[in-house]
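Shown next: model.txt, given as compact mmCIF, C-alpha atoms and all ligand atoms.
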# COMPACT_ATOMS: atom_id res chain seq x y z
CA MET A 1 0.00 0.00 0.00
CA GLN A 2 1.26 3.41 -0.96
CA PRO A 3 1.11 6.30 1.46
CA VAL A 4 -1.94 8.50 1.02
CA VAL A 5 -1.72 12.27 0.79
CA LYS A 6 -4.51 13.78 2.87
CA ARG A 7 -6.19 17.14 2.80
CA PRO A 8 -3.88 19.85 4.15
CA ASP A 9 -5.01 22.93 6.04
CA LEU A 10 -5.48 25.62 3.46
CA ASN A 11 -6.04 29.32 3.83
CA LEU A 12 -8.05 29.83 0.70
CA VAL A 13 -8.55 33.35 -0.54
CA ARG A 14 -11.81 33.71 -2.41
CA PHE A 15 -12.47 36.48 -4.88
CA HIS A 16 -15.76 36.25 -6.76
CA GLN A 17 -15.63 32.85 -8.49
CA MET A 18 -11.88 32.41 -8.03
CA ILE A 19 -9.89 30.80 -5.26
CA THR A 20 -6.17 30.83 -4.57
CA VAL A 21 -3.47 30.60 -1.93
CA ALA A 22 -0.84 32.18 -4.20
CA PRO A 23 0.53 35.66 -3.54
CA GLU A 24 0.80 36.05 -7.34
CA MET A 25 -2.98 35.81 -7.50
CA THR A 26 -3.89 37.89 -4.48
CA ALA A 27 -1.81 40.66 -6.06
CA LEU A 28 -3.88 40.27 -9.20
CA PHE A 29 -7.13 40.39 -7.21
CA GLU A 30 -5.99 43.75 -5.83
CA LYS A 31 -5.41 45.01 -9.38
CA ILE A 32 -8.86 43.76 -10.40
CA ARG A 33 -10.35 45.69 -7.49
CA ARG A 34 -8.62 48.87 -8.58
CA ALA A 35 -9.25 48.43 -12.29
CA GLY A 36 -12.83 47.49 -11.49
CA ARG A 37 -13.49 50.83 -9.83
CA SER A 38 -12.40 52.71 -12.95
CA ASP A 39 -14.14 52.79 -16.28
CA ALA A 40 -10.93 51.88 -18.08
CA THR A 41 -10.88 49.47 -20.96
CA VAL A 42 -9.11 46.32 -19.76
CA LEU A 43 -7.35 43.62 -21.76
CA ILE A 44 -7.07 40.29 -19.94
CA ARG A 45 -4.08 38.23 -21.04
CA GLY A 46 -3.54 34.62 -20.08
CA GLU A 47 -2.99 31.16 -21.48
CA SER A 48 -5.82 28.77 -22.12
CA GLY A 49 -7.71 27.75 -18.99
CA THR A 50 -6.20 30.36 -16.66
CA GLY A 51 -9.56 31.94 -15.79
CA LYS A 52 -9.90 34.90 -18.16
CA GLU A 53 -13.68 34.66 -18.14
CA LEU A 54 -13.75 34.67 -14.36
CA VAL A 55 -11.58 37.79 -14.31
CA ALA A 56 -13.92 39.58 -16.72
CA ASP A 57 -16.84 38.67 -14.49
CA ALA A 58 -14.97 39.90 -11.39
CA LEU A 59 -14.09 43.20 -13.08
CA HIS A 60 -17.73 43.84 -13.84
CA ARG A 61 -18.86 42.90 -10.34
CA GLU A 62 -16.25 45.19 -8.79
CA SER A 63 -17.36 48.12 -10.94
CA PRO A 64 -19.99 50.80 -10.41
CA ARG A 65 -21.74 49.16 -13.37
CA SER A 66 -22.27 45.90 -11.47
CA THR A 67 -26.02 46.39 -11.23
CA ARG A 68 -26.20 46.98 -14.98
CA PRO A 69 -25.99 44.30 -17.68
CA PHE A 70 -22.89 42.25 -18.48
CA GLN A 71 -22.84 40.96 -22.04
CA ALA A 72 -20.19 38.61 -23.37
CA VAL A 73 -19.40 37.38 -26.85
CA ASN A 74 -16.77 34.99 -28.13
CA CYS A 75 -15.29 36.56 -31.25
CA ALA A 76 -14.05 33.18 -32.48
CA THR A 77 -17.43 31.51 -32.76
CA PHE A 78 -19.11 33.66 -35.42
CA THR A 79 -18.63 34.56 -39.04
CA SER A 80 -17.91 38.23 -39.63
CA GLU A 81 -21.53 38.91 -40.71
CA MET A 82 -23.04 37.09 -37.77
CA LEU A 83 -20.72 38.77 -35.32
CA ALA A 84 -21.58 42.20 -36.75
CA SER A 85 -25.27 41.54 -36.27
CA GLU A 86 -24.60 40.07 -32.82
CA LEU A 87 -22.67 43.16 -31.73
CA PHE A 88 -24.48 45.99 -33.49
CA GLY A 89 -27.89 44.46 -33.98
CA HIS A 90 -29.73 44.80 -37.26
CA VAL A 91 -32.80 46.41 -38.73
CA ARG A 92 -35.61 44.55 -40.40
CA GLY A 93 -34.70 43.60 -43.96
CA ALA A 94 -30.95 44.13 -43.45
CA PHE A 95 -30.35 40.65 -44.89
CA THR A 96 -32.31 37.52 -45.76
CA GLY A 97 -33.84 36.25 -42.56
CA ALA A 98 -33.79 39.61 -40.78
CA ILE A 99 -37.54 39.65 -40.38
CA ARG A 100 -37.57 42.16 -37.53
CA ASP A 101 -35.30 44.65 -35.79
CA ARG A 102 -32.93 42.99 -33.38
CA LYS A 103 -30.91 44.62 -30.65
CA GLY A 104 -27.22 43.85 -30.54
CA LEU A 105 -25.03 43.22 -27.52
CA LEU A 106 -23.78 46.81 -27.54
CA ALA A 107 -27.30 48.13 -27.05
CA LEU A 108 -28.09 45.39 -24.52
CA ALA A 109 -24.96 46.26 -22.54
CA ASP A 110 -25.79 49.97 -22.41
CA LYS A 111 -24.68 51.48 -19.05
CA GLY A 112 -23.04 48.12 -18.33
CA THR A 113 -20.11 46.05 -19.56
CA LEU A 114 -19.35 44.33 -22.86
CA PHE A 115 -16.80 41.50 -22.80
CA LEU A 116 -15.11 40.49 -26.06
CA ASP A 117 -13.60 37.06 -25.49
CA GLU A 118 -10.87 35.85 -27.88
CA VAL A 119 -10.65 39.36 -29.25
CA ALA A 120 -7.66 38.41 -31.42
CA GLU A 121 -10.16 36.64 -33.67
CA LEU A 122 -12.15 39.80 -34.34
CA PRO A 123 -12.38 40.09 -38.15
CA ILE A 124 -10.50 43.05 -39.56
CA ASP A 125 -13.62 44.81 -40.95
CA LEU A 126 -15.25 44.69 -37.53
CA GLN A 127 -12.10 46.02 -35.92
CA ALA A 128 -12.64 49.32 -37.75
CA ARG A 129 -16.26 49.48 -36.66
CA LEU A 130 -15.42 48.68 -33.07
CA LEU A 131 -12.75 51.36 -33.02
CA ARG A 132 -15.40 53.85 -34.06
CA VAL A 133 -17.61 52.78 -31.17
CA LEU A 134 -14.74 53.32 -28.74
CA GLN A 135 -13.92 56.74 -30.16
CA LEU A 136 -17.39 58.15 -30.67
CA LYS A 137 -19.55 56.05 -28.34
CA ARG A 138 -21.94 55.64 -31.25
CA PHE A 139 -22.80 52.83 -33.62
CA THR A 140 -25.18 52.00 -36.43
CA PRO A 141 -27.06 48.68 -36.53
CA VAL A 142 -26.47 46.48 -39.58
CA GLY A 143 -28.62 47.79 -42.44
CA GLY A 144 -29.58 50.85 -40.42
CA THR A 145 -29.08 54.54 -41.14
CA VAL A 146 -29.60 56.05 -37.70
CA GLU A 147 -26.67 56.21 -35.31
CA GLN A 148 -27.33 55.23 -31.71
CA GLU A 149 -25.49 56.43 -28.65
CA VAL A 150 -24.11 53.86 -26.29
CA ASP A 151 -22.29 53.88 -22.96
CA VAL A 152 -20.43 50.62 -22.39
CA ARG A 153 -17.31 49.66 -20.61
CA LEU A 154 -15.29 47.34 -22.79
CA LEU A 155 -13.34 44.33 -21.51
CA SER A 156 -11.52 41.92 -23.76
CA ALA A 157 -9.47 38.76 -23.39
CA THR A 158 -6.89 36.98 -25.48
CA ASN A 159 -4.29 34.25 -25.15
CA ALA A 160 -2.42 35.56 -28.19
CA ALA A 161 -0.15 38.59 -28.12
CA LEU A 162 -2.01 41.34 -30.01
CA ARG A 163 1.30 43.03 -30.82
CA GLN A 164 2.38 39.96 -32.73
CA LEU A 165 -0.87 40.02 -34.72
CA VAL A 166 -0.31 43.71 -35.44
CA THR A 167 3.09 42.97 -37.01
CA GLU A 168 1.41 40.25 -39.08
CA GLY A 169 -1.17 42.77 -40.30
CA ARG A 170 -4.04 40.85 -38.73
CA PHE A 171 -4.90 43.33 -36.01
CA ARG A 172 -5.21 47.11 -36.15
CA GLU A 173 -2.57 48.88 -34.14
CA ASP A 174 -4.91 51.75 -33.19
CA LEU A 175 -7.48 49.31 -31.87
CA MET A 176 -4.82 47.42 -29.92
CA TYR A 177 -3.88 50.61 -28.09
CA ARG A 178 -7.53 51.35 -27.36
CA LEU A 179 -8.09 47.88 -25.93
CA ARG A 180 -4.99 47.65 -23.82
CA VAL A 181 -5.36 50.75 -21.67
CA VAL A 182 -5.01 48.48 -18.66
CA VAL A 183 -3.55 45.00 -19.14
CA LEU A 184 -4.03 42.27 -16.56
CA TYR A 185 -1.83 39.19 -16.90
CA LEU A 186 -3.05 35.91 -15.50
CA PRO A 187 -0.18 33.70 -14.33
CA ARG A 188 -0.03 30.12 -15.52
CA LEU A 189 -1.14 27.55 -12.97
CA VAL A 190 2.43 26.39 -12.29
CA GLU A 191 3.47 29.97 -11.55
CA ARG A 192 0.92 30.24 -8.73
CA THR A 193 2.68 29.15 -5.55
CA GLY A 194 0.66 26.46 -3.80
CA ASP A 195 -2.29 26.59 -6.17
CA VAL A 196 -1.97 23.13 -7.73
CA GLN A 197 -2.58 21.80 -4.24
CA ALA A 198 -5.21 24.37 -3.28
CA LEU A 199 -7.21 23.93 -6.48
CA THR A 200 -6.89 20.15 -6.32
CA TRP A 201 -8.65 20.14 -2.95
CA PHE A 202 -11.07 22.84 -4.02
CA PHE A 203 -12.23 20.65 -6.92
CA ILE A 204 -12.18 17.44 -4.83
CA ASP A 205 -14.48 19.19 -2.33
CA ALA A 206 -16.75 20.34 -5.15
CA PHE A 207 -16.97 16.87 -6.73
CA ASN A 208 -17.52 15.22 -3.33
CA GLU A 209 -20.52 17.51 -2.91
CA ARG A 210 -22.06 16.13 -6.08
CA GLY A 211 -22.55 12.73 -4.48
CA GLY A 212 -21.32 9.44 -5.91
CA ARG A 213 -17.66 8.81 -5.26
CA ARG A 214 -16.21 10.35 -2.10
CA VAL A 215 -12.49 11.06 -2.08
CA HIS A 216 -10.35 11.89 0.94
CA GLY A 217 -6.86 11.43 -0.40
CA LEU A 218 -4.46 10.96 -3.31
CA SER A 219 -1.94 8.16 -3.64
CA ALA A 220 1.62 9.40 -3.18
CA ASP A 221 2.55 8.78 -6.82
CA ALA A 222 -0.64 10.42 -8.13
CA TRP A 223 0.15 13.52 -6.11
CA ALA A 224 3.83 13.43 -7.16
CA ALA A 225 2.76 13.31 -10.82
CA MET A 226 0.33 16.20 -10.37
CA ARG A 227 3.01 18.32 -8.74
CA ALA A 228 5.58 17.53 -11.41
CA TYR A 229 3.26 18.15 -14.38
CA SER A 230 3.43 21.39 -16.39
CA TRP A 231 -0.37 21.87 -16.77
CA PRO A 232 -0.43 23.49 -20.23
CA GLY A 233 -4.23 23.61 -20.02
CA ASN A 234 -3.96 25.28 -16.61
CA ILE A 235 -6.93 25.27 -14.23
CA ARG A 236 -9.30 23.79 -16.76
CA GLU A 237 -6.97 20.83 -17.31
CA LEU A 238 -6.58 20.28 -13.56
CA ARG A 239 -10.33 20.37 -13.09
CA ASN A 240 -10.89 17.95 -15.99
CA ASN A 241 -8.35 15.50 -14.59
CA LEU A 242 -10.04 15.39 -11.23
CA GLU A 243 -13.46 15.11 -12.82
CA GLN A 244 -12.20 12.18 -14.90
CA ALA A 245 -10.84 10.53 -11.76
CA PHE A 246 -14.21 10.92 -10.04
CA VAL A 247 -15.96 9.37 -13.01
CA LEU A 248 -13.57 6.52 -13.81
CA GLY A 249 -12.13 5.61 -10.46
CA GLU A 250 -13.58 4.25 -7.29
CA GLY A 251 -12.71 4.26 -3.62
CA PRO A 252 -11.58 7.05 -1.32
CA VAL A 253 -8.12 7.53 -2.84
CA ILE A 254 -7.34 8.94 -6.30
CA GLU A 255 -4.75 6.73 -7.96
CA LEU A 256 -2.20 7.68 -10.60
CA ASP A 257 -3.85 5.55 -13.29
CA GLU A 258 -7.10 7.52 -12.94
CA LEU A 259 -5.34 10.64 -14.22
CA ALA A 260 -4.68 11.51 -17.87
CA PRO A 261 -1.79 9.65 -19.53
CA GLU A 262 0.12 12.92 -20.02
CA LEU A 263 0.60 13.09 -16.28
CA ARG A 264 2.31 9.73 -16.32
CA GLY A 265 4.65 10.98 -19.01
CA GLU A 266 3.01 8.71 -21.56
CA GLY A 267 1.34 9.48 -24.85
CA VAL A 268 -1.32 6.78 -24.95
CA GLU A 269 -3.88 9.09 -26.54
CA LEU A 270 -1.37 9.99 -29.23
CA VAL A 271 -0.42 6.48 -30.27
CA HIS A 272 -1.42 6.08 -33.87
CA VAL A 273 -3.40 2.89 -34.41
CA PRO A 274 -3.78 1.87 -38.06
CA GLU A 275 -7.24 1.00 -39.40
CA PRO A 276 -7.85 -2.73 -38.89
CA ASP A 277 -7.80 -3.60 -42.59
CA ALA A 278 -5.40 -0.93 -43.79
CA PRO A 279 -1.81 -2.02 -44.31
CA SER A 280 0.34 -0.97 -41.39
CA THR A 281 2.45 2.03 -42.32
CA GLU A 282 3.40 2.87 -38.79
CA PRO A 283 6.30 0.72 -37.65
CA SER A 284 6.74 2.83 -34.50
CA VAL A 285 3.55 1.45 -32.94
CA THR A 286 4.60 -1.62 -31.03
CA LEU A 287 2.50 -4.50 -29.86
CA ALA A 288 3.02 -3.25 -26.32
CA ASP A 289 1.54 0.14 -27.32
CA LEU A 290 -1.56 -1.55 -28.68
CA GLU A 291 -1.87 -3.81 -25.69
CA ARG A 292 -1.67 -0.82 -23.38
CA LYS A 293 -4.18 1.17 -25.41
CA GLU A 294 -6.60 -1.77 -25.29
CA LEU A 295 -6.20 -1.96 -21.54
CA VAL A 296 -6.82 1.76 -21.07
CA GLU A 297 -9.88 1.62 -23.30
CA ALA A 298 -11.28 -1.36 -21.43
CA TRP A 299 -10.58 0.46 -18.18
CA ARG A 300 -12.51 3.49 -19.38
CA ALA A 301 -15.41 1.39 -20.66
CA THR A 302 -15.78 -0.60 -17.43
CA GLY A 303 -14.82 2.02 -14.88
CA GLY A 304 -11.85 -0.14 -13.90
CA ASN A 305 -13.89 -3.19 -12.87
CA ARG A 306 -11.40 -6.07 -13.21
CA GLY A 307 -13.97 -8.78 -13.91
CA LYS A 308 -15.65 -6.78 -16.67
CA MET A 309 -12.29 -5.78 -18.13
CA ALA A 310 -11.16 -9.40 -18.38
CA GLU A 311 -14.45 -10.23 -20.03
CA ALA A 312 -14.26 -7.34 -22.48
CA LEU A 313 -10.72 -8.28 -23.48
CA ALA A 314 -11.51 -12.01 -23.55
CA ILE A 315 -8.57 -12.85 -21.34
CA SER A 316 -8.32 -14.58 -17.99
CA ARG A 317 -8.08 -12.60 -14.80
CA PRO A 318 -4.49 -13.65 -14.06
CA THR A 319 -3.52 -12.53 -17.58
CA LEU A 320 -5.31 -9.23 -17.01
CA TYR A 321 -3.48 -8.66 -13.73
CA ARG A 322 -0.15 -9.53 -15.32
CA ARG A 323 -0.76 -7.09 -18.19
CA LEU A 324 -1.97 -4.29 -15.91
CA LYS A 325 1.15 -4.71 -13.81
CA LYS A 326 3.38 -4.81 -16.89
CA HIS A 327 1.98 -1.45 -18.06
CA GLY A 328 2.05 0.16 -14.64
CA LEU A 329 -1.73 0.36 -14.53
CA THR A 330 -2.32 -1.27 -11.16
N1 LIG B 401 -8.90 30.70 -9.57
C1 LIG B 401 -9.85 29.82 -9.91
N2 LIG B 401 -10.59 29.23 -8.97
C2 LIG B 401 -11.53 28.32 -9.29
N3 LIG B 401 -11.81 27.94 -10.54
C3 LIG B 401 -11.12 28.50 -11.54
C4 LIG B 401 -10.11 29.48 -11.28
N4 LIG B 401 -9.60 29.86 -12.46
C5 LIG B 401 -10.23 29.16 -13.42
N5 LIG B 401 -11.17 28.35 -12.88
C6 LIG B 401 -12.02 27.40 -13.63
O1 LIG B 401 -11.22 26.89 -14.69
C7 LIG B 401 -11.95 26.80 -15.91
C8 LIG B 401 -11.32 27.68 -16.97
O2 LIG B 401 -11.56 29.05 -16.68
P1 LIG B 401 -11.93 30.10 -17.85
O3 LIG B 401 -12.95 29.50 -18.76
O4 LIG B 401 -12.25 31.39 -17.22
O5 LIG B 401 -10.50 30.14 -18.58
P2 LIG B 401 -10.08 30.95 -19.88
O6 LIG B 401 -8.81 31.64 -19.54
O7 LIG B 401 -11.24 31.76 -20.36
O8 LIG B 401 -9.74 29.76 -20.89
P3 LIG B 401 -9.74 29.79 -22.53
O9 LIG B 401 -8.57 30.63 -22.96
O10 LIG B 401 -9.52 28.35 -22.87
O11 LIG B 401 -11.06 30.34 -22.96
C9 LIG B 401 -13.38 27.18 -15.54
O12 LIG B 401 -14.06 25.99 -15.21
C10 LIG B 401 -13.20 28.06 -14.32
O13 LIG B 401 -14.35 28.05 -13.52
MG MG B 402 -12.29 31.63 -22.18
Spit out the file's structure as structure tokens when you get a sec.
Amino acid sequence: MQPVVKRPDLNLVRFHQMITVAPEMTALFEKIRRAGRSDATVLIRGESGTGKELVADALHRESPRSTRPFQAVNCATFTSEMLASELFGHVRGAFTGAIRDRKGLLALADKGTLFLDEVAELPIDLQARLLRVLQLKRFTPVGGTVEQEVDVRLLSATNAALRQLVTEGRFREDLMYRLRVVVLYLPRLVERTGDVQALTWFFIDAFNERGGRRVHGLSADAWAAMRAYSWPGNIRELRNNLEQAFVLGEGPVIELDELAPELRGEGVELVHVPEPDAPSTEPSVTLADLERKELVEAWRATGGNRGKMAEALAISRPTLYRRLKKHGLT
């Protein structure tokens, strides 16, 4: 039996929907408080999964506009035409299907906050129109002729450096300067002292609340792997790993093999398996790779139940145990 790592005493700092124990984050919370009070346009920078949406939400809640609407749009999920209509609204007959006037997010966010997520993806033609809104506090709905006044505070977020996009000609320099009046940088998870541990227990608590599996510890090697991992997907990836463990594993202790293969320094998900009837063109995939992949798949399908796994793989239990041990999956 491996030693079990139990819940430590944690002095969690909560700020809106975020938690931390890291000084790097409490310093950021202070900046959010100050920036929140102002009406300044804020650009939130941070890698994928670092909590940019939560920061935007916190900025709005900290602001004098908190009782007014908060509208958010992801610039990456629309075509240029759809995004224009989404932002500026349209008048009846502006295009096929525009059967009545429709308010856009700008109008809906009047006196409140508009959050442009993934702003680097904003199409170049809309960049010009948005710049005009920021300069004149006026806009015209798609297909309309009458300008409307609007009072919004603009927040935006990106995981790409806008300056880089400017040099590539994909982002307007003048708009970049308008958006980045205040820039808040979200540290990566591994740069937040103590937060892998704090967030691990925060999510374990949350998943315990849901009912089903109840967890009170992590095996020593599971915890060692979590601490050593680089977490490129940041908080989202940490959360997903624990959620997967709650779904696939059982018992009070999270084991290493319940976590994603990346954490074990293995690339199981990336192993290329040729189509059954296609000629093998991939000599780098070994029999051991396939055997391991089969085991992992059976594990997923059965929730780790040994009897069902043996059945699914049509092998005896002793063979199953031997193979699990061979691949470090016990
Ligand atoms: N400090 C935190 N405390 C608790 N949960 C957090 C924290 N930061 C992020 N999360 C959670 O992590 C997940 C990712 O956060 P969010 O969606 O805000 O990231 P993001 O930076 O917008 O990511 P992306 O660039 O991929 O859009 C969400 O489930 C969020 O609730
Ligand atoms: Mg996001």
- Query: Can you tell me, as a ChimeraX atom specification, what residues are no more than 12 Å from A:Lys52 when counting all atoms listed in the file, ignoring any on the same chain fewer than 2 positions away?
  - Reply: /A:17-18,32,42-50,54-59,115-119,155-159,183-188,234-236
- Non-local contacts of A:Arg172 (12 Å; only C-alpha atoms; under 4 positions in same chain excluded) as an MDAnalysis selection string: chainID A and resid 119:131 162:168 176:179
- Message: Set the distance at 12 Å and use all atoms listed in the file: which residues neighbour A:Gly104 once local chain neighbours fewer than 4 positions away are removed? I'd like the list as a PyMOL selection string.
- Response: chain A and resi 71-73+82-91+108-110+114+139-142+148+150
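Pairwise distance (atom CA of A:Gln2, atom CA of A:Asn305) equals 20.4 Å.
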- Message: Could you check which residues have any atom within 12 Å of (-19.1, 16.2, -7.9), counting all atoms listed in the file with coordinates taken straight from the file, and then list them as a list in words?
- Response: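 Here is the list of nearby residues: Phe202, Phe203, Ile204, Asp205, Ala206, Phe207, Asn208, Glu209, Arg210, Gly211, Gly212, Arg213, Arg214, Val215, Arg239, Asn240, Leu242, Glu243, Gln244, Ala245, Phe246 and Val247 of chain A.
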Can those selected residues be exported to a file as an mmCIF file, in the coordinates of the input so that it contains C-alpha atoms?
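Saved the output as part21.cif:
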data_model
loop_
_atom_site.group_PDB
_atom_site.id
_atom_site.type_symbol
_atom_site.label_atom_id
_atom_site.label_comp_id
_atom_site.auth_asym_id
_atom_site.auth_seq_id
_atom_site.Cartn_x
_atom_site.Cartn_y
_atom_site.Cartn_z
ATOM 1 C CA PHE A 202 -11.070 22.840 -4.020
ATOM 2 C CA PHE A 203 -12.230 20.650 -6.920
ATOM 3 C CA ILE A 204 -12.180 17.440 -4.830
ATOM 4 C CA ASP A 205 -14.480 19.190 -2.330
ATOM 5 C CA ALA A 206 -16.750 20.340 -5.150
ATOM 6 C CA PHE A 207 -16.970 16.870 -6.730
ATOM 7 C CA ASN A 208 -17.520 15.220 -3.330
ATOM 8 C CA GLU A 209 -20.520 17.510 -2.910
ATOM 9 C CA ARG A 210 -22.060 16.130 -6.080
ATOM 10 C CA GLY A 211 -22.550 12.730 -4.480
ATOM 11 C CA GLY A 212 -21.320 9.440 -5.910
ATOM 12 C CA ARG A 213 -17.660 8.810 -5.260
ATOM 13 C CA ARG A 214 -16.210 10.350 -2.100
ATOM 14 C CA VAL A 215 -12.490 11.060 -2.080
ATOM 15 C CA ARG A 239 -10.330 20.370 -13.090
ATOM 16 C CA ASN A 240 -10.890 17.950 -15.990
ATOM 17 C CA LEU A 242 -10.040 15.390 -11.230
ATOM 18 C CA GLU A 243 -13.460 15.110 -12.820
ATOM 19 C CA GLN A 244 -12.200 12.180 -14.900
ATOM 20 C CA ALA A 245 -10.840 10.530 -11.760
ATOM 21 C CA PHE A 246 -14.210 10.920 -10.040
ATOM 22 C CA VAL A 247 -15.960 9.370 -13.010
#
Determine the axis-aligned bounding box of all atoms of ligand LIG 401 (chain B) present in the file, pad each side by 6 Å, and express its centre and edge lengths in Å to one decimal place as JSON.
{"center_x": -11.5, "center_y": 28.9, "center_z": -16.0, "size_x": 17.8, "size_y": 17.8, "size_z": 26.0}
- Message: Using all atoms listed in the file for the distances, tell me which of A:Gly51, A:Gly265, A:Gly307, A:Pro232 is nearest to ligand MG 402 (chain B).
- Response: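 Selected residue with least distance to ligand MG 402 (chain B): A:Gly51.
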- For ligand MG 402 (chain B), which residue among A:Thr67, A:Thr113, A:Asn74, A:Thr200 is the nearest when counting only C-alpha atoms and all ligand atoms? A:Asn74
- Query: Which is closer to ligand MG 402 (chain B) than all the others in A:Ala40, A:Leu329, A:Cys75, A:Ile19, using all atoms listed in the file?
  - Reply: A:Cys75
- Task: Check the smallest atom-to-atom distance from each of A:Gly233, A:Arg14, A:Lys111, A:Asp174 to ligand MG 402 (chain B) using all atoms listed in the file, then report the winner.
- Result: A:Gly233
For stretch 219-237 of chain A, supply N, CA and C atoms and report the output as an mmCIF file, keeping the file's coordinate frame.
data_model
loop_
_atom_site.group_PDB
_atom_site.id
_atom_site.type_symbol
_atom_site.label_atom_id
_atom_site.label_comp_id
_atom_site.auth_asym_id
_atom_site.auth_seq_id
_atom_site.Cartn_x
_atom_site.Cartn_y
_atom_site.Cartn_z
ATOM 1 N N SER A 219 -3.092 9.021 -3.878
ATOM 2 C CA SER A 219 -1.940 8.160 -3.640
ATOM 3 C C SER A 219 -0.683 9.006 -3.822
ATOM 4 N N ALA A 220 0.392 8.593 -3.154
ATOM 5 C CA ALA A 220 1.620 9.400 -3.180
ATOM 6 C C ALA A 220 2.111 9.614 -4.614
ATOM 7 N N ASP A 221 2.030 8.574 -5.457
ATOM 8 C CA ASP A 221 2.550 8.780 -6.820
ATOM 9 C C ASP A 221 1.594 9.612 -7.685
ATOM 10 N N ALA A 222 0.291 9.543 -7.407
ATOM 11 C CA ALA A 222 -0.640 10.420 -8.130
ATOM 12 C C ALA A 222 -0.321 11.878 -7.801
ATOM 13 N N TRP A 223 -0.124 12.149 -6.515
ATOM 14 C CA TRP A 223 0.150 13.520 -6.110
ATOM 15 C C TRP A 223 1.520 13.984 -6.641
ATOM 16 N N ALA A 224 2.509 13.079 -6.639
ATOM 17 C CA ALA A 224 3.830 13.430 -7.160
ATOM 18 C C ALA A 224 3.725 13.803 -8.646
ATOM 19 N N ALA A 225 2.918 13.035 -9.389
ATOM 20 C CA ALA A 225 2.760 13.310 -10.820
ATOM 21 C C ALA A 225 2.060 14.655 -11.036
ATOM 22 N N MET A 226 1.058 14.935 -10.213
ATOM 23 C CA MET A 226 0.330 16.200 -10.370
ATOM 24 C C MET A 226 1.242 17.385 -10.072
ATOM 25 N N ARG A 227 2.104 17.210 -9.090
ATOM 26 C CA ARG A 227 3.010 18.320 -8.740
ATOM 27 C C ARG A 227 4.073 18.531 -9.794
ATOM 28 N N ALA A 228 4.491 17.432 -10.438
ATOM 29 C CA ALA A 228 5.580 17.530 -11.410
ATOM 30 C C ALA A 228 5.090 17.999 -12.786
ATOM 31 N N TYR A 229 3.806 17.887 -13.032
ATOM 32 C CA TYR A 229 3.260 18.150 -14.380
ATOM 33 C C TYR A 229 3.253 19.650 -14.690
ATOM 34 N N SER A 230 3.319 19.976 -15.988
ATOM 35 C CA SER A 230 3.430 21.390 -16.390
ATOM 36 C C SER A 230 2.068 22.077 -16.591
ATOM 37 N N TRP A 231 0.985 21.329 -16.641
ATOM 38 C CA TRP A 231 -0.370 21.870 -16.770
ATOM 39 C C TRP A 231 -0.521 22.915 -17.873
ATOM 40 N N PRO A 232 -0.251 22.525 -19.136
ATOM 41 C CA PRO A 232 -0.430 23.490 -20.230
ATOM 42 C C PRO A 232 -1.869 23.992 -20.367
ATOM 43 N N GLY A 233 -2.825 23.176 -19.950
ATOM 44 C CA GLY A 233 -4.230 23.610 -20.020
ATOM 45 C C GLY A 233 -4.695 24.279 -18.731
ATOM 46 N N ASN A 234 -3.728 24.491 -17.830
ATOM 47 C CA ASN A 234 -3.960 25.280 -16.610
ATOM 48 C C ASN A 234 -5.123 24.781 -15.754
ATOM 49 N N ILE A 235 -5.912 25.683 -15.207
ATOM 50 C CA ILE A 235 -6.930 25.270 -14.230
ATOM 51 C C ILE A 235 -7.967 24.369 -14.869
ATOM 52 N N ARG A 236 -8.306 24.647 -16.119
ATOM 53 C CA ARG A 236 -9.300 23.790 -16.760
ATOM 54 C C ARG A 236 -8.807 22.351 -16.835
ATOM 55 N N GLU A 237 -7.516 22.174 -17.180
ATOM 56 C CA GLU A 237 -6.970 20.830 -17.310
ATOM 57 C C GLU A 237 -6.919 20.115 -15.957
#
